[in-house]
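Asks: Submitted below is the structure of interest, expressed as structure tokens.
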Amino acid sequence: MIAVLRAVGVRLLYGIPVFLIVTFGVAMLAELMPGSPGQAILGDQGTPEAIAAVNERFGYNLPPLERYGAWLTDLFTQFDLGTTLFTREPVTDVLGRRLVVTLQLAGMALVIALVIAIPLSLVTALKQGGWLDRILNVVSSAMLSIPSFVSVVLVSLVFTVWLKAFPATGWVPIAQGLGDNLKYAFLPALALALYEAAFFYRVMRSDLATTLREDFVLVARAKGLPKWRTIAPRHVLRPSLTSLVTLLGVAVGRLLGGAVIVEAFFSIPGIGGESIAAVSIKDMNMLQAIVALGVVIYVVLFILVDLAYAWIDPRVSVK
Amino acid sequence: MSRPEPRAAAPVTAPPTAYLPAAGTGAAGVGGPFGWLRRPKRATRRGKAFFVFGVVWISLLVLAALFADVIPGLPHFSEKIGTFAQGPDFSSLGGLLGTDSVGRSNLSRIIFGARTSLTIAVASTLIGLFIGVVLGMLAGYYRGFWDGLGTIVANALSALPPLIMLLALVAAVGASLWGITVSLGILIADLYIRVTKGAVLSNAQREYVLAARSLGATDARILFREILPNLIPTLAAVIPISMAVLVVVEGSLSFLGYGIPAPNPSWGGMIAAGADVIRRFPGVMVAPVVTLFLTVFSFNAIGDYLGSRTDRRDAQI
Amino acid sequence: MTDENVPDAPLLQVRDLRCEILAPAGTAYVLRGVDLTVPHGRTLGIVGESGSGKSMLLKSALGLLPAKAQVTGEVRFDGVDVLAMSAPERAKFLGRRVGVVFQNPMTSLNPVVPIGVQMAEASRFHLGLGKKEAHALAADLLDQVGVPNAAKRLRDYPHQFSGGMRQRVMIAMALTCEPDLLVADEATTALDVTIQKQILDLLQELQAQRRMAMILVSHDLSVVAGRTDEVIVMYAGRVVERKPTGELFSGETHPYVEALSRAIPRLDMPPHARLSTMTGAPPSVFDPRPDAAAAEREDLERWLSAAGGAR
């Protein structure tokens, strides 16, 4: 247990310079922005004094380095990320709300992708060269070349326009009813899942095929064990889990960061949607917070993936 | 924790289809840094067919984009050539792919849009390549401080959700070709740092490096004359893949409306416009979607093929 | 090695076994018509150089090759035509009655599954044992093969065992269902010489105890020499010599066997003595060799070329 905590601690420490570099970079990016928060809010009607007053509230009158320092201090001491530009809501509240939504979408997308990809890759790995194998090879290759903004349109076309089965845009929080929530969440999750499914399929298919060539699979067959009930799950899938964990790590990172398009298109109130909104009103505070969140997620993911390796593979020890 | 070598070298950014060959192949054997092209490898026949298709498509695209201004009979991208959302009209060049929701030539807009996408993809790749290869070589060769720095930078870059970073940039300074290109270049450098470092790591221990050093070659000379040529196969497989990624990211940005501003057409913008009218005129979207798909697919196919010819599935970073 | 109370019909009978594999480079003629017989309770040795088809022989006979390998011929186990069965039937039938120990103990065990589970698999499937009983059986077997602290070690993973220990585990695993035939395919090749002897002794002991038939496959004549009843020698996918072991070197020795034995260094050789080797290489696996007489002459020529060197 101590070893685990220490390993986690080391990695967190390791993540700190990354966090600082990235957030500093974004903060400096905000410097490039013409105008000031005061001007953004008050526009032409603002008197210089009023503008200055607003700026002072946003800490804008301080030099950039100090501003960054203040931002950091606020974050770590009071867990305060400032307020949004116009509505003056605490950023942490907004982020919290939106993160939940994005997490739900990412989770659903992952589940859909895994449910599609894993069984199919197992089937084609166990029967290589068959018609299913060849078709899926081409299909998955093609799907990987479809960017998310195209798949959202296609998914929308099929399910909303033609089948009229799902709503076009919008979101219903779980609190207001799971059924409705799922109805609105399905299409965006599917749009996200298409790419991930293709990705998982290809990598797992290849990895499973490699595992099949291992000696211990031959041994299991020599023992006369049933192919689907025993050999597949225990001797083919299980040893390939390490790859799957790696894949999941990459996918979750990508899903959380890249759901921007999907959320924008389907009007989902998630992190991605928030970043679009923040861009349109130039709320650098919010964007900075979103990026910071992104880094934190990345570091946490990194740690989780490493821990998962140690858990799955008995040869890997927690350092 | 010692991470076991995952047999699949997991790609580190968005859509690469290939296993990123994390280690380069040696130059030993058939003719120098390009000998690997001549040695028979594991590429399947189908992979080769896709590769050839990819090369043809990209070449066509590049030619069309380069000479867009002088293609005879091609209307300007802002010129209205007919009513909106017309289907393909084979009587004129401009009408070949139909018109968009305003009546402009789809073909023309696609070709001019290709300029944007390809320029950004190429320029960003070059920037990323330069940064990534330099840092990667330093990290892999000298290890120690440079390794730490390179790793931190790579991690920092990969921690950035690319689209959000771009949006932040656009919010700050507005969308400009220069700004977008540089940011994308910096973001894709992460990929190149990792790949280069891996390739250098496996090469730096080789005998010919030790031999060169014992002959008194300076580090710089070793890096440039010995190691760099051996990175070429690995990089050749990664470059097309990064181009695919960049085309997609640029497309995403313009889809959201934050790409290179109008009047310049962009594929993402065209797709967004098509999405708006999709209920009544689903055909408008077809041309840009197919073009984008073929382009991304081509880059992926090229990268896959080159990658399978230099396949080395061991040695992670 | 011998036992009087066994039925006369052989346990394993292989007739004209051929194996062809379609590879990108052409058709590989891996087995070109092999016959062999293993009576109950007896030991057969199979010797041959790498690529002679020894391992493929086993895998073909036991139905362990993928479907794209074309295996023809007759393989009768205890009278039952095994090749005529469907794959699942054959797996169920042979898996219980034949135990196999493979060459590489480092890779023959699934690294992410505990030993106990891997050992219990066979008895749970074939014998219907419950989890506890299967594990108890496994512990007992580990004991018999000389693994100390058996019960506790069931929970360990393969990487926690040394190579020799792992091979003992493999042997224990092969014995789980009380097979009638134990096959050791180069079982000691990957081990140190001292461990080799231990393992081979162990195999013989177990065979005697359980009255199993055994097949010992090796490229090393010395492994097979003292421990088998009958030896078949393989070369280029066919059997070139079949003799009771004792008679292998008495009377007229087969030229190939002669060449093989010349290649073994002996203690009584003078220092720096040259080992005799055959010139050239064995025929290519892709060569169909339609003319049997010509093929024999070619082979004979090669074997006789192992002249020179100390004897």
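FYI, nothing fancy with the structure tokens labels: chains A, B, ... in order, residues from 1 per chain, ligands from 1 as they appear.
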Name all residues at most 8 Å from range 215-227 of chain B (count only C-alpha atoms; drop same-chain ones fewer than 2 positions away) and give them as a list in words.
Replies: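 Final neighbour list, sorted by chain and number: Met137, Val200, Asn203, Ala204, Tyr208, Val209, Ala211, Ala212, Arg213, Pro229, Asn230 and Leu231 of chain B.
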Asks: Could you write out as a PyMOL selection string the residues of chain C within 6 Å of chain A, counting only C-alpha atoms?
Replies: chain C and resi 91-92+95+107-110+112
Asks: Can you pull out every residue within 8 Å of Arg76 in chain C, counting only C-alpha atoms, but drop anything in the same chain fewer than 6 positions away, and send it as a PyMOL selection string?
Replies: chain C and resi 11-14+82
Asks: Between CA of Gln78 in chain A and CA of Ser280 in chain A, measure the distance and give it in Å to one decimal.
Replies: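 Those two atoms sit 28.2 Å apart.
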Asks: Hey, what does DSSP flag as alpha helix (DSSP H) within range 35-274 of chain C? Can you give it to me as number ranges by chain?
Replies: C: 54-61, 87-97, 115-126, 131-144, 150-153, 163-174, 193-210, 221-225, 255-262
Asks: Measuring atom to atom with only C-alpha atoms, identify which of A:Leu237, A:Ile268, A:Val101, A:Ile21 is nearest to chain B.
Replies: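 Of all the options, A:Ile21 lies closest to chain B.
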Asks: Hey, can you check how far CA of Ser151 in chain A sits from CA of Ser108 in chain B?
Replies: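 Straight-line distance from CA of Ser151 in chain A to CA of Ser108 in chain B works out to 24.1 Å.
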Asks: Hey, can you check how far CA of Val101 in chain C sits from CA of Glu186 in chain C?
Replies: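 Between CA of Val101 in chain C and CA of Glu186 in chain C the gap works out to 8.3 Å.
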Asks: Which neighbours of Val134 in chain B fall inside 10 Å, counting only C-alpha atoms, when residues of the same chain fewer than 3 positions from it are skipped, and could you give them as a PyMOL selection string?
Replies: chain B and resi 128-131+137-140+150+189+192-193+196-197
Asks: Near range 246-248 of chain C, counting only C-alpha atoms, which residues have an atom at most 10 Å away, once you skip same-chain residues fewer than 5 positions from it, shown as a PyMOL selection string?
Replies: chain C and resi 225-226+228-232+241+253-254+257-258
Asks: Can those selected residues be exported to a file as an mmCIF file, in the first residue's frame so that it contains N, CA and C atoms?
Replies:
```
data_model
loop_
_atom_site.group_PDB
_atom_site.id
_atom_site.type_symbol
_atom_site.label_atom_id
_atom_site.label_comp_id
_atom_site.auth_asym_id
_atom_site.auth_seq_id
_atom_site.Cartn_x
_atom_site.Cartn_y
_atom_site.Cartn_z
ATOM 1 N N ALA C 225 19.195 -41.763 -26.223
ATOM 2 C CA ALA C 225 19.900 -43.050 -26.249
ATOM 3 C C ALA C 225 19.565 -43.968 -25.095
ATOM 4 N N GLY C 226 19.724 -43.513 -23.868
ATOM 5 C CA GLY C 226 19.592 -44.479 -22.793
ATOM 6 C C GLY C 226 18.184 -44.624 -22.249
ATOM 7 N N THR C 228 15.030 -44.852 -24.051
ATOM 8 C CA THR C 228 13.884 -45.219 -24.873
ATOM 9 C C THR C 228 13.942 -46.687 -25.257
ATOM 10 N N ASP C 229 12.782 -47.215 -25.674
ATOM 11 C CA ASP C 229 12.737 -48.603 -26.154
ATOM 12 C C ASP C 229 13.025 -48.669 -27.631
ATOM 13 N N GLU C 230 12.454 -47.707 -28.341
ATOM 14 C CA GLU C 230 12.634 -47.699 -29.782
ATOM 15 C C GLU C 230 12.940 -46.284 -30.216
ATOM 16 N N VAL C 231 13.720 -46.174 -31.284
ATOM 17 C CA VAL C 231 14.065 -44.847 -31.788
ATOM 18 C C VAL C 231 13.674 -44.742 -33.245
ATOM 19 N N ILE C 232 13.067 -43.634 -33.630
ATOM 20 C CA ILE C 232 12.958 -43.342 -35.050
ATOM 21 C C ILE C 232 13.757 -42.083 -35.333
ATOM 22 N N GLU C 241 15.149 -44.122 -40.273
ATOM 23 C CA GLU C 241 15.635 -45.293 -39.547
ATOM 24 C C GLU C 241 14.690 -45.575 -38.396
ATOM 25 N N THR C 253 25.282 -49.564 -38.792
ATOM 26 C CA THR C 253 24.654 -48.315 -38.376
ATOM 27 C C THR C 253 24.209 -47.518 -39.592
ATOM 28 N N HIS C 254 23.037 -46.969 -39.496
ATOM 29 C CA HIS C 254 22.517 -46.133 -40.591
ATOM 30 C C HIS C 254 23.458 -44.948 -40.811
ATOM 31 N N VAL C 257 22.596 -41.794 -38.916
ATOM 32 C CA VAL C 257 22.828 -41.928 -37.480
ATOM 33 C C VAL C 257 24.317 -41.851 -37.199
ATOM 34 N N GLU C 258 25.070 -42.494 -38.065
ATOM 35 C CA GLU C 258 26.513 -42.452 -37.943
ATOM 36 C C GLU C 258 27.003 -41.013 -37.981
#
```
Asks: Find the residues near Cys177 in chain C: any atom within 9 Å, counting only C-alpha atoms, skip ones fewer than 4 places away on the same chain, and give them as a ChimeraX atom specification.
Replies: /C:95-99,122-123,126-127,173
Asks: List every residue of range 16-252 of chain B that DSSP, applied to the backbone of this structure, assigns to strand (DSSP E or B), and report them as JSON, numbers by chain.
Replies: {"B": [80, 99, 104, 105]}
Asks: When you count only C-alpha atoms, which of these residues is closest to Ala159 in chain B: A:Arg254, A:Arg6, A:Arg202, A:Lys282?
Replies: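 Under the stated criterion, the closest residue is A:Arg254.
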Asks: I'd like the neighbourhood of Asp190 in chain B as a list of chain:residue names, where a residue qualifies if any of its atoms comes within 8 Å (using only C-alpha atoms), though same-chain residues fewer than 2 positions away should be ignored.
Replies: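 These residues fall inside the cut-off: B:Gly128, B:Gly132, B:Val153, B:Ala154, B:Asn155, B:Leu157, B:Ser158, B:Ile186, B:Leu187, B:Ile188, B:Tyr192, B:Ile193, B:Arg194.
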